[in-house]
file upload04.cif (mmCIF, C-alpha atoms and all ligand atoms)
data_query
#
loop_
_atom_site.label_atom_id
_atom_site.label_comp_id
_atom_site.auth_asym_id
_atom_site.auth_seq_id
_atom_site.Cartn_x
_atom_site.Cartn_y
_atom_site.Cartn_z
CA MET W 118 -4.84 -7.92 4.04
CA ASP W 119 -6.42 -9.16 7.16
CA SER W 120 -7.26 -7.34 10.32
CA ASN W 121 -9.49 -7.53 13.34
CA THR W 122 -11.24 -4.33 14.05
CA ASP W 123 -11.43 -2.24 17.13
CA ASP W 124 -14.87 -0.81 17.67
CA ARG W 125 -14.43 2.91 17.53
CA LYS W 126 -17.64 4.19 19.02
CA GLY W 127 -17.83 2.57 22.42
CA PRO W 128 -16.13 0.22 24.85
CA LEU W 129 -16.77 -3.46 24.26
CA SER W 130 -19.85 -3.09 22.09
CA MET W 131 -21.42 -6.16 20.53
CA LYS W 132 -19.69 -5.27 17.30
CA ALA W 133 -16.27 -5.41 18.95
CA VAL W 134 -17.04 -8.76 20.53
CA VAL W 135 -18.36 -10.18 17.28
CA GLY W 136 -15.34 -8.70 15.51
CA VAL W 137 -12.94 -10.57 17.75
CA LEU W 138 -14.88 -13.82 17.56
CA SER W 139 -15.03 -13.68 13.81
CA LEU W 140 -11.31 -13.13 13.47
CA MET W 141 -10.73 -16.54 12.02
CA VAL W 142 -13.35 -16.21 9.31
CA ILE W 143 -12.78 -12.67 8.12
CA ALA W 144 -11.89 -12.82 4.48
CA GLY W 145 -8.85 -11.27 2.95
CA THR W 146 -6.56 -8.77 4.59
CA CYS W 147 -6.15 -9.83 8.16
CA TRP W 148 -6.81 -7.36 10.90
CA GLN W 149 -7.05 -7.73 14.61
CA GLN W 150 -7.71 -5.45 17.49
CA SER W 151 -4.38 -4.92 19.08
CA GLY W 152 -5.92 -4.12 22.46
CA ARG W 153 -3.13 -1.72 23.16
CA GLY W 154 -2.23 1.64 21.87
CA ARG W 155 1.38 2.44 21.27
CA SER W 156 3.36 3.13 24.42
CA PRO W 157 3.71 6.83 25.28
CA GLU W 158 5.65 8.31 22.44
CA PRO W 159 8.74 10.42 22.51
CA GLU W 160 8.03 13.89 21.16
CA LEU W 161 7.13 13.91 17.49
CA PRO W 162 9.59 15.54 15.09
CA GLN W 163 8.55 18.95 13.76
CA LEU W 164 8.11 18.69 10.02
CA LYS W 165 7.42 21.23 7.31
CA LYS W 166 4.63 20.52 4.84
CA ALA W 167 6.13 19.57 1.49
CA PRO W 168 4.85 21.14 -1.71
CA ALA W 169 2.27 18.90 -3.39
CA PRO W 170 0.40 19.41 -6.64
CA ASP W 171 -3.11 20.75 -6.04
CA ASN W 172 -4.49 18.12 -8.41
CA LEU W 173 -2.63 15.14 -6.90
CA GLY W 174 -5.85 13.70 -5.50
CA GLN W 175 -7.76 14.36 -8.71
CA GLU W 176 -5.09 12.60 -10.75
CA ALA W 177 -5.13 9.67 -8.35
CA TYR W 178 -8.93 9.53 -8.57
CA ARG W 179 -8.76 9.58 -12.38
CA HIS W 180 -6.47 6.52 -12.24
CA VAL W 181 -8.85 4.75 -9.86
CA ALA W 182 -11.75 5.42 -12.24
CA GLN W 183 -9.71 3.87 -15.07
CA LEU W 184 -8.88 0.79 -13.01
CA VAL W 185 -12.50 0.36 -11.95
CA SER W 186 -13.55 0.61 -15.61
CA PHE W 187 -11.55 -2.59 -16.23
CA GLY W 188 -13.92 -4.40 -13.86
CA GLU W 189 -12.71 -7.16 -11.53
CA ARG W 190 -8.92 -7.48 -11.57
CA TRP W 191 -8.13 -10.75 -9.81
CA THR W 192 -4.92 -12.45 -10.90
CA GLY W 193 -5.22 -13.78 -14.43
CA SER W 194 -8.47 -11.99 -15.31
CA GLN W 195 -8.98 -9.74 -18.30
CA GLY W 196 -9.20 -6.69 -16.01
CA TRP W 197 -5.93 -7.71 -14.31
CA GLN W 198 -4.18 -7.76 -17.69
CA GLU W 199 -5.63 -4.36 -18.57
CA ALA W 200 -4.54 -2.94 -15.22
CA LEU W 201 -0.97 -4.16 -15.81
CA GLU W 202 -0.85 -2.53 -19.23
CA TYR W 203 -2.33 0.68 -17.87
CA ILE W 204 0.24 0.91 -15.05
CA ALA W 205 3.12 0.21 -17.47
CA ILE W 206 1.99 2.88 -19.95
CA GLU W 207 1.51 5.44 -17.20
CA LEU W 208 4.98 4.82 -15.77
CA GLN W 209 6.48 5.23 -19.24
CA GLU W 210 4.64 8.51 -19.64
CA TYR W 211 6.36 9.80 -16.52
CA GLY W 212 9.72 8.99 -18.12
CA LEU W 213 10.22 5.86 -16.01
CA GLU W 214 11.14 2.37 -17.12
CA PRO W 215 8.62 -0.18 -15.90
CA LYS W 216 10.16 -3.44 -14.78
CA ARG W 217 7.82 -6.40 -15.14
CA ASP W 218 8.43 -9.55 -13.15
CA ARG W 219 6.16 -12.44 -14.16
CA TRP W 220 6.41 -15.83 -12.46
CA ILE W 221 4.48 -19.05 -12.02
CA ASP W 222 3.53 -20.28 -8.58
CA ARG W 223 3.67 -24.06 -8.99
CA GLU W 224 1.58 -24.84 -5.92
CA GLU W 225 -1.25 -22.53 -6.90
CA GLU W 226 -0.77 -23.13 -10.61
CA MET W 227 -1.14 -19.40 -11.08
CA THR W 228 0.87 -16.83 -13.03
CA PHE W 229 1.55 -13.60 -11.15
CA GLU W 230 3.20 -10.37 -12.22
CA ASN W 231 4.64 -7.46 -10.24
CA ILE W 232 5.43 -4.20 -11.92
CA SER W 233 7.82 -1.58 -10.57
CA ALA W 234 9.85 1.47 -11.55
CA LEU W 235 12.87 3.16 -10.02
CA ILE W 236 13.08 6.93 -9.65
CA PRO W 237 16.81 7.46 -9.17
CA GLY W 238 17.81 9.91 -6.43
CA GLU W 239 21.10 11.43 -5.34
CA SER W 240 21.71 8.41 -3.15
CA LYS W 241 21.57 4.80 -4.22
CA GLU W 242 19.81 3.94 -0.98
CA ARG W 243 16.20 3.16 -1.68
CA ILE W 244 12.79 3.85 -0.21
CA VAL W 245 10.07 1.60 -1.65
CA ILE W 246 6.43 2.68 -1.89
CA GLY W 247 3.96 -0.07 -2.77
CA ALA W 248 0.31 -0.88 -3.44
CA HIS W 249 -1.45 -4.04 -4.61
CA PHE W 250 -3.23 -3.97 -7.95
CA ASP W 251 -5.07 -7.30 -7.80
CA THR W 252 -8.63 -7.35 -6.51
CA LYS W 253 -10.19 -10.03 -4.38
CA LYS W 254 -11.69 -12.81 -6.45
CA THR W 255 -15.38 -12.98 -5.63
CA SER W 256 -16.49 -15.69 -8.01
CA GLY W 257 -16.18 -19.47 -8.05
CA HIS W 258 -16.38 -19.88 -4.27
CA PRO W 259 -18.49 -22.70 -2.79
CA ASP W 260 -20.42 -20.38 -0.46
CA PRO W 261 -22.89 -18.26 -2.50
CA ASP W 262 -22.34 -15.34 -0.08
CA HIS W 263 -18.75 -15.16 -1.28
CA ASN W 264 -19.70 -14.53 -4.88
CA TYR W 265 -20.66 -11.00 -5.94
CA PRO W 266 -19.53 -8.30 -8.35
CA PHE W 267 -16.42 -6.57 -6.99
CA VAL W 268 -14.36 -3.75 -8.54
CA GLY W 269 -12.20 -2.77 -5.55
CA ALA W 270 -12.29 1.00 -5.97
CA ASN W 271 -10.75 1.41 -2.53
CA ASP W 272 -9.20 -2.11 -2.20
CA SER W 273 -6.88 -1.28 -3.75
CA GLY W 274 -7.69 0.86 -6.75
CA SER W 275 -7.07 3.76 -4.38
CA GLY W 276 -3.56 2.59 -3.45
CA VAL W 277 -2.62 2.10 -7.10
CA GLY W 278 -4.18 5.39 -8.20
CA LEU W 279 -2.36 7.35 -5.50
CA LEU W 280 0.91 5.53 -6.15
CA LEU W 281 0.73 6.42 -9.86
CA ALA W 282 0.01 10.07 -9.05
CA LEU W 283 2.89 10.09 -6.55
CA ALA W 284 5.22 8.43 -9.08
CA GLU W 285 4.54 11.22 -11.57
CA THR W 286 5.16 13.87 -8.89
CA LEU W 287 8.33 12.24 -7.59
CA ALA W 288 9.67 11.68 -11.12
CA ASN W 289 9.40 15.43 -11.70
CA GLN W 290 11.30 16.50 -8.61
CA LYS W 291 14.75 15.98 -7.18
CA ASN W 292 14.85 13.33 -4.47
CA HIS W 293 17.69 12.50 -2.15
CA ALA W 294 16.78 8.82 -1.87
CA SER W 295 16.16 6.61 -4.84
CA ILE W 296 12.47 5.81 -4.74
CA GLU W 297 11.00 2.68 -6.18
CA VAL W 298 7.27 2.34 -6.78
CA VAL W 299 6.05 -1.25 -6.77
CA PHE W 300 2.65 -2.57 -7.80
CA PHE W 301 2.14 -5.95 -6.19
CA ASP W 302 0.10 -8.78 -7.59
CA GLY W 303 -1.60 -11.44 -5.45
CA GLU W 304 -2.05 -9.59 -2.19
CA GLU W 305 -5.50 -11.07 -1.77
CA SER W 306 -5.89 -14.51 -0.27
CA VAL W 307 -6.70 -17.29 -2.76
CA PRO W 308 -9.29 -18.88 -0.44
CA TYR W 309 -12.12 -16.51 0.44
CA ALA W 310 -11.14 -16.43 4.10
CA TRP W 311 -7.72 -14.98 4.82
CA ASP W 312 -4.86 -17.48 4.59
CA ASP W 313 -1.39 -16.42 5.73
CA VAL W 314 0.31 -18.77 3.29
CA ARG W 315 -1.90 -18.32 0.23
CA SER W 316 -1.74 -14.52 0.08
CA LEU W 317 0.84 -11.72 -0.24
CA PHE W 318 2.33 -13.47 -3.29
CA GLY W 319 3.67 -10.31 -4.93
CA SER W 320 5.29 -8.77 -1.87
CA ARG W 321 6.82 -12.09 -0.81
CA ARG W 322 8.23 -12.51 -4.31
CA TYR W 323 9.60 -8.98 -4.36
CA VAL W 324 11.34 -9.26 -0.99
CA GLY W 325 12.61 -12.75 -1.87
CA GLN W 326 14.19 -11.47 -5.08
CA TYR W 327 15.75 -8.56 -3.20
CA GLN W 328 17.22 -10.83 -0.53
CA ALA W 329 18.57 -13.21 -3.17
CA GLY W 330 20.23 -10.21 -4.84
CA LEU W 331 21.82 -9.13 -1.55
CA LYS W 332 23.10 -12.63 -0.91
CA ALA W 333 24.59 -12.90 -4.39
CA GLY W 334 26.22 -9.49 -4.01
CA ARG W 335 24.48 -7.99 -7.03
CA GLU W 336 22.15 -5.71 -5.10
CA LYS W 337 23.59 -2.18 -5.11
CA SER W 338 20.60 -0.23 -3.86
CA PRO W 339 19.73 -1.18 -0.27
CA ILE W 340 16.11 -0.75 0.79
CA ARG W 341 15.93 1.40 3.91
CA ALA W 342 12.17 1.73 4.37
CA PHE W 343 8.88 0.57 2.90
CA ILE W 344 5.63 2.53 2.72
CA LEU W 345 2.42 0.67 1.81
CA LEU W 346 -0.70 2.39 0.48
CA ASP W 347 -3.84 0.27 0.78
CA MET W 348 -7.42 1.52 0.98
CA VAL W 349 -6.49 5.19 1.16
CA GLY W 350 -9.41 6.73 -0.72
CA ALA W 351 -12.55 6.39 1.43
CA LYS W 352 -14.67 9.54 1.67
CA ASP W 353 -14.79 8.81 5.39
CA LEU W 354 -10.99 8.61 5.63
CA ASP W 355 -9.52 7.18 8.80
CA ILE W 356 -6.04 5.69 8.51
CA ASP W 357 -5.53 3.07 11.22
CA ASP W 358 -2.67 2.80 13.68
CA ASP W 359 -1.27 -0.59 12.66
CA SER W 360 0.77 -2.15 15.45
CA ASN W 361 2.85 -4.17 12.97
CA SER W 362 4.18 -0.94 11.45
CA ASP W 363 7.55 0.48 12.50
CA ASP W 364 7.38 2.88 15.46
CA GLN W 365 9.71 5.49 14.04
CA LEU W 366 7.94 5.50 10.66
CA HIS W 367 4.69 5.84 12.56
CA ARG W 368 6.05 8.88 14.42
CA ILE W 369 7.22 10.47 11.17
CA PHE W 370 3.84 9.97 9.48
CA ALA W 371 2.00 11.28 12.56
CA ALA W 372 4.23 14.37 12.46
CA ALA W 373 3.68 14.74 8.71
CA ALA W 374 -0.09 14.56 9.21
CA ILE W 375 0.16 17.36 11.78
CA ALA W 376 2.38 19.45 9.47
CA CYS W 377 -0.28 19.12 6.74
CA GLY W 378 -3.17 19.86 9.11
CA HIS W 379 -4.56 16.37 8.45
CA GLU W 380 -4.03 14.76 11.85
CA GLU W 381 -7.76 14.12 12.32
CA TYR W 382 -7.56 11.45 9.57
CA PHE W 383 -4.65 9.51 11.02
CA PHE W 384 -3.95 6.89 13.63
CA GLU W 385 -6.89 7.15 16.00
CA HIS W 386 -7.66 3.45 15.99
CA PRO W 387 -5.18 0.74 17.01
CA GLN W 388 -5.19 -2.28 14.68
CA THR W 389 -2.97 -5.18 13.81
CA VAL W 390 -2.92 -5.64 10.07
CA LYS W 391 -1.43 -8.34 7.88
CA ASP W 392 -0.71 -6.87 4.48
CA ASP W 393 2.07 -6.46 1.92
CA HIS W 394 4.32 -4.84 4.54
CA ILE W 395 4.73 -8.12 6.44
CA PRO W 396 7.35 -9.69 4.12
CA PHE W 397 9.42 -6.49 4.49
CA ILE W 398 9.12 -6.59 8.29
CA ASP W 399 10.11 -10.27 8.23
CA ALA W 400 13.20 -9.22 6.25
CA LYS W 401 14.00 -6.58 8.92
CA ILE W 402 13.12 -3.69 6.62
CA PRO W 403 11.25 -0.95 8.53
CA ALA W 404 7.75 -0.67 7.06
CA ILE W 405 4.46 1.15 7.55
CA ASP W 406 0.99 0.30 6.27
CA LEU W 407 -1.24 3.28 5.57
CA ILE W 408 -4.61 1.54 5.58
CA ASP W 409 -8.18 2.39 6.45
CA ILE W 410 -9.79 -0.97 7.07
CA ALA W 411 -11.44 -0.79 10.48
CA ASP W 412 -15.08 0.21 10.47
CA ASN W 413 -15.08 0.22 6.68
CA PRO W 414 -18.51 -1.11 5.66
CA GLN W 415 -17.58 -1.36 1.96
CA TRP W 416 -14.57 -3.60 2.54
CA HIS W 417 -14.89 -6.84 0.50
CA THR W 418 -18.44 -6.08 -0.59
CA GLU W 419 -19.93 -5.08 -3.90
CA GLU W 420 -20.25 -1.59 -2.41
CA ASP W 421 -16.51 -0.95 -2.81
CA THR W 422 -17.21 1.41 -5.71
CA LEU W 423 -16.10 4.83 -6.90
CA GLU W 424 -18.92 6.63 -5.15
CA HIS W 425 -17.42 5.79 -1.76
CA ILE W 426 -14.01 7.26 -2.46
CA SER W 427 -12.93 10.84 -3.06
CA ALA W 428 -10.14 12.87 -4.62
CA GLU W 429 -9.96 14.84 -1.36
CA SER W 430 -9.03 11.76 0.68
CA LEU W 431 -6.41 10.76 -1.89
CA GLN W 432 -5.00 14.30 -1.78
CA ILE W 433 -4.77 14.12 2.04
CA VAL W 434 -2.80 10.87 2.08
CA GLY W 435 -0.63 12.03 -0.86
CA GLU W 436 0.33 15.25 0.91
CA VAL W 437 1.23 13.36 4.07
CA VAL W 438 3.43 10.91 2.13
CA LEU W 439 5.27 13.72 0.33
CA THR W 440 5.79 15.54 3.63
CA ALA W 441 7.01 12.41 5.41
CA LEU W 442 9.50 11.36 2.72
CA PRO W 443 12.34 13.83 3.52
CA ALA W 444 12.14 12.81 7.19
CA VAL W 445 12.21 9.13 6.24
CA GLU W 446 15.33 9.83 4.17
CA LYS W 447 16.91 11.70 7.07
CA ASP W 448 16.21 9.00 9.63
CA PHE W 449 16.69 5.83 7.61
CA LEU W 450 19.35 6.47 4.99
CA GLN W 451 22.85 5.66 6.13
CA GLY W 452 24.80 7.96 3.84
CA GLU W 453 26.12 5.32 1.49
CA GLY W 454 27.38 6.05 -2.03
CA ARG W 455 25.59 7.49 -5.00
CA LEU W 456 23.99 5.70 -7.90
CA ALA W 457 25.77 5.81 -11.21
CA LEU W 458 22.66 5.52 -13.32
CA PRO W 459 22.16 6.50 -16.93
CA PRO W 460 19.96 9.56 -17.49
CA ARG W 461 16.29 8.75 -17.47
CA ARG W 462 14.52 8.15 -20.73
CA ARG W 463 12.01 10.90 -21.56
ZN ZN W 501 -8.88 -6.86 0.02
#
call {"tool": "encode", "arguments": {"input": "upload04.cif", "output": "structure tokens"}}
result
Amino acid sequence: MDSNTDDRKGPLSMKAVVGVLSLMVIAGTCWQQSGRGRSPEPELPQLKKAPAPDNLGQEAYRHVAQLVSFGERWTGSQGWQEALEYIAIELQEYGLEPKRDRWIDREEEMTFENISALIPGESKERIVIGAHFDTKKTSGHPDPDHNYPFVGANDSGSGVGLLLALAETLANQKNHASIEVVFFDGEESVPYAWDDVRSLFGSRRYVGQYQAGLKAGREKSPIRAFILLDMVGAKDLDIDDDSNSDDQLHRIFAAAAIACGHEEYFFEHPQTVKDDHIPFIDAKIPAIDLIDIADNPQWHTEEDTLEHISAESLQIVGEVVLTALPAVEKDFLQGEGRLALPPRRR
């Protein structure tokens, strides 16, 4: 993703100025200071904290540790292949059927693969939760400063770890919406510096396939909302207020954070982030990016390691997602028919 940070400690500090000036050269994941907060919000809905396993964060952390043990996981690497296998085996263990979509990008001459699984609900209408499993490639670049060991514990081992833990939880409970978990390949930009065209390969592919299915009339499970988890594990957790994210989803997640007593970790800092939610937004699917990228000194450095993330932070974001989901169903599902799906394999 790419973003341009807001300085959080003071007005117009040197860091903020440098941040804005360096917008064009920031590598991977585009962010930018939005310069505006959201307009005054209508009252937040009152939500009830949803039950969440006490060990959700620990499970997520265990997955992150596994992913990190595979080393760098850029598209096509040995670690990338191991991560794919790990995700597939985990999904099967939860009784889900992993769907693997492998394709060749002719321009890049690269083979990508997304992996996903559907958790059927009472309704055939779908909420998608995603995370990217590739890591930024930090070798083979002309500038020596762009080459260093990188294991992406937070970017986005954390998103994948939490999404796996959530998939297991959601697969073991009754959900009104059908929920699909999607692990995207190729989020990171191929060039070291962020490139709008040569990034977001997995999410663009996923949305493209979905739209083609709609057009051909074979898509029976409309996507009503998309939730993206990216960099959600920092010990110093601070989920940004991304101005590209849908306002109503933002309100629901702000209310869910309050219901869980976690509001101090959410939405204090306005950002504009380009990430895997953008192809969904472009396709008019409401989407939110839960990301902690501003003021994150480990981002795209060799310091993005396990020691900077925590099970507690993963638990916090997991609880907020589980609490938000029923409200997302209520506000975004349109009451269409039910899925006639075969019973899940166990
Ligand atoms: Zn990244």
call {"tool": "residues_around", "arguments": {"input": "upload04.cif", "residues": "W:Gln432", "least_positions_apart": "3", "cutoff": "7 Å", "atoms": "all atoms listed in the file", "output": "PyMOL selection string"}}
result
chain W and resi 173-174+428-429+435-436
call {"tool": "residues_near_ligand", "arguments": {"input": "upload04.cif", "ligand": "ligand ZN 501 (chain W)", "cutoff": "10 Å", "atoms": "only C-alpha atoms and all ligand atoms", "output": "list of chain:residue names"}}
result
W:Met118, W:Asp119, W:Ala144, W:Gly145, W:Thr146, W:Cys147, W:His249, W:Asp251, W:Thr252, W:Lys253, W:Lys254, W:Gly269, W:Asn271, W:Asp272, W:Ser273, W:Glu304, W:Glu305, W:Ser306, W:Trp311, W:Asp347, W:Met348, W:Asp392, W:Ile410, W:Trp416, W:His417, W:Thr418
call {"tool": "closest_residue", "arguments": {"input": "upload04.cif", "among": "W:Leu366, W:Glu385, W:Pro168, W:Arg190", "to": "W:Pro266", "atoms": "all atoms listed in the file"}}
result
W:Arg190
call {"tool": "atom_distance", "arguments": {"input": "upload04.cif", "atom1": "atom CA of W:Ala248", "atom2": "atom CA of W:Asp393"}}
result
7.9 Å
call {"tool": "closest_residue", "arguments": {"input": "upload04.cif", "among": "W:Gln365, W:Phe267, W:Ala284, W:Gly350", "to": "W:Ala444", "atoms": "all atoms listed in the file"}}
result
W:Gln365
call {"tool": "atom_distance", "arguments": {"input": "upload04.cif", "atom1": "atom CA of W:Ile356", "atom2": "atom CA of W:Phe383"}}
result
4.8 Å
call {"tool": "residues_around", "arguments": {"input": "upload04.cif", "residues": "W:Phe301", "least_positions_apart": "5", "cutoff": "7 Å", "atoms": "all atoms listed in the file", "output": "list in words"}}
result
Asn231, Ile232, Ala248, His249, Phe250, Gly319 and Ser320 of chain W
call {"tool": "residues_around", "arguments": {"input": "upload04.cif", "residues": "W:Gly278", "least_positions_apart": "2", "cutoff": "7 Å", "atoms": "all atoms listed in the file", "output": "number ranges by chain"}}
result
W: 177-178, 180-181, 274-276, 280-282
call {"tool": "atom_distance", "arguments": {"input": "upload04.cif", "atom1": "atom CA of W:Gln415", "atom2": "atom CA of W:Leu346"}}
result
17.4 Å
call {"tool": "residues_near_point", "arguments": {"input": "upload04.cif", "point": "(16.8, -10.4, -5.0)", "cutoff": "12 Å", "atoms": "all atoms listed in the file", "output": "PyMOL selection string"}}
result
chain W and resi 218+321-340+400
call {"tool": "write_last_selection", "arguments": {"input": "upload04.cif", "atoms": "C-alpha atoms", "output": "mmCIF file, in the coordinates of the input"}}
result
data_model
loop_
_atom_site.group_PDB
_atom_site.id
_atom_site.type_symbol
_atom_site.label_atom_id
_atom_site.label_comp_id
_atom_site.auth_asym_id
_atom_site.auth_seq_id
_atom_site.Cartn_x
_atom_site.Cartn_y
_atom_site.Cartn_z
ATOM 1 C CA ASP W 218 8.430 -9.550 -13.150
ATOM 2 C CA ARG W 321 6.820 -12.090 -0.810
ATOM 3 C CA ARG W 322 8.230 -12.510 -4.310
ATOM 4 C CA TYR W 323 9.600 -8.980 -4.360
ATOM 5 C CA VAL W 324 11.340 -9.260 -0.990
ATOM 6 C CA GLY W 325 12.610 -12.750 -1.870
ATOM 7 C CA GLN W 326 14.190 -11.470 -5.080
ATOM 8 C CA TYR W 327 15.750 -8.560 -3.200
ATOM 9 C CA GLN W 328 17.220 -10.830 -0.530
ATOM 10 C CA ALA W 329 18.570 -13.210 -3.170
ATOM 11 C CA GLY W 330 20.230 -10.210 -4.840
ATOM 12 C CA LEU W 331 21.820 -9.130 -1.550
ATOM 13 C CA LYS W 332 23.100 -12.630 -0.910
ATOM 14 C CA ALA W 333 24.590 -12.900 -4.390
ATOM 15 C CA GLY W 334 26.220 -9.490 -4.010
ATOM 16 C CA ARG W 335 24.480 -7.990 -7.030
ATOM 17 C CA GLU W 336 22.150 -5.710 -5.100
ATOM 18 C CA LYS W 337 23.590 -2.180 -5.110
ATOM 19 C CA SER W 338 20.600 -0.230 -3.860
ATOM 20 C CA PRO W 339 19.730 -1.180 -0.270
ATOM 21 C CA ILE W 340 16.110 -0.750 0.790
ATOM 22 C CA ALA W 400 13.200 -9.220 6.250
#
call {"tool": "decode", "arguments": {"input": "upload04.cif", "residues": "stretch 245-261 of chain W", "atoms": "N, CA and C atoms", "output": "PDB file, in the first residue's frame"}}
result
ATOM      1  N   VAL W 245     -16.668  -9.821   2.270  1.00  0.00           N
ATOM      2  CA  VAL W 245     -15.319 -10.330   2.018  1.00  0.00           C
ATOM      3  C   VAL W 245     -14.352  -9.687   3.011  1.00  0.00           C
ATOM      4  N   ILE W 246     -13.516 -10.513   3.613  1.00  0.00           N
ATOM      5  CA  ILE W 246     -12.443  -9.997   4.480  1.00  0.00           C
ATOM      6  C   ILE W 246     -11.124 -10.440   3.855  1.00  0.00           C
ATOM      7  N   GLY W 247     -10.196  -9.498   3.660  1.00  0.00           N
ATOM      8  CA  GLY W 247      -8.968  -9.819   2.937  1.00  0.00           C
ATOM      9  C   GLY W 247      -7.699  -9.364   3.644  1.00  0.00           C
ATOM     10  N   ALA W 248      -6.590  -9.961   3.216  1.00  0.00           N
ATOM     11  CA  ALA W 248      -5.247  -9.548   3.658  1.00  0.00           C
ATOM     12  C   ALA W 248      -4.279  -9.973   2.557  1.00  0.00           C
ATOM     13  N   HIS W 249      -3.147  -9.281   2.444  1.00  0.00           N
ATOM     14  CA  HIS W 249      -2.175  -9.724   1.428  1.00  0.00           C
ATOM     15  C   HIS W 249      -1.103 -10.577   2.070  1.00  0.00           C
ATOM     16  N   PHE W 250      -0.724 -11.660   1.366  1.00  0.00           N
ATOM     17  CA  PHE W 250       0.263 -12.572   1.960  1.00  0.00           C
ATOM     18  C   PHE W 250       1.645 -12.423   1.337  1.00  0.00           C
ATOM     19  N   ASP W 251       1.771 -11.669   0.261  1.00  0.00           N
ATOM     20  CA  ASP W 251       3.117 -11.441  -0.291  1.00  0.00           C
ATOM     21  C   ASP W 251       3.841 -10.423   0.582  1.00  0.00           C
ATOM     22  N   THR W 252       5.171 -10.489   0.573  1.00  0.00           N
ATOM     23  CA  THR W 252       5.942  -9.434   1.241  1.00  0.00           C
ATOM     24  C   THR W 252       6.677  -8.634   0.175  1.00  0.00           C
ATOM     25  N   LYS W 253       7.050  -7.439   0.552  1.00  0.00           N
ATOM     26  CA  LYS W 253       7.784  -6.580  -0.374  1.00  0.00           C
ATOM     27  C   LYS W 253       9.114  -7.223  -0.724  1.00  0.00           C
ATOM     28  N   LYS W 254       9.432  -7.197  -2.017  1.00  0.00           N
ATOM     29  CA  LYS W 254      10.719  -7.750  -2.438  1.00  0.00           C
ATOM     30  C   LYS W 254      11.805  -6.710  -2.188  1.00  0.00           C
ATOM     31  N   THR W 255      12.757  -7.085  -1.373  1.00  0.00           N
ATOM     32  CA  THR W 255      13.825  -6.149  -1.001  1.00  0.00           C
ATOM     33  C   THR W 255      15.178  -6.726  -1.399  1.00  0.00           C
ATOM     34  N   SER W 256      15.201  -7.247  -2.616  1.00  0.00           N
ATOM     35  CA  SER W 256      16.474  -7.707  -3.192  1.00  0.00           C
ATOM     36  C   SER W 256      16.420  -7.440  -4.684  1.00  0.00           C
ATOM     37  N   GLY W 257      17.587  -7.307  -5.295  1.00  0.00           N
ATOM     38  CA  GLY W 257      17.657  -7.131  -6.749  1.00  0.00           C
ATOM     39  C   GLY W 257      17.335  -5.730  -7.225  1.00  0.00           C
ATOM     40  N   HIS W 258      17.253  -4.758  -6.310  1.00  0.00           N
ATOM     41  CA  HIS W 258      16.980  -3.378  -6.741  1.00  0.00           C
ATOM     42  C   HIS W 258      18.293  -2.639  -7.013  1.00  0.00           C
ATOM     43  N   PRO W 259      18.286  -1.708  -7.956  1.00  0.00           N
ATOM     44  CA  PRO W 259      19.525  -1.006  -8.302  1.00  0.00           C
ATOM     45  C   PRO W 259      20.103  -0.193  -7.136  1.00  0.00           C
ATOM     46  N   ASP W 260      19.249   0.430  -6.339  1.00  0.00           N
ATOM     47  CA  ASP W 260      19.733   1.224  -5.209  1.00  0.00           C
ATOM     48  C   ASP W 260      20.045   0.297  -4.033  1.00  0.00           C
ATOM     49  N   PRO W 261      21.294   0.299  -3.543  1.00  0.00           N
ATOM     50  CA  PRO W 261      21.659  -0.598  -2.437  1.00  0.00           C
ATOM     51  C   PRO W 261      20.772  -0.406  -1.194  1.00  0.00           C
TER      52      PRO W 261
END
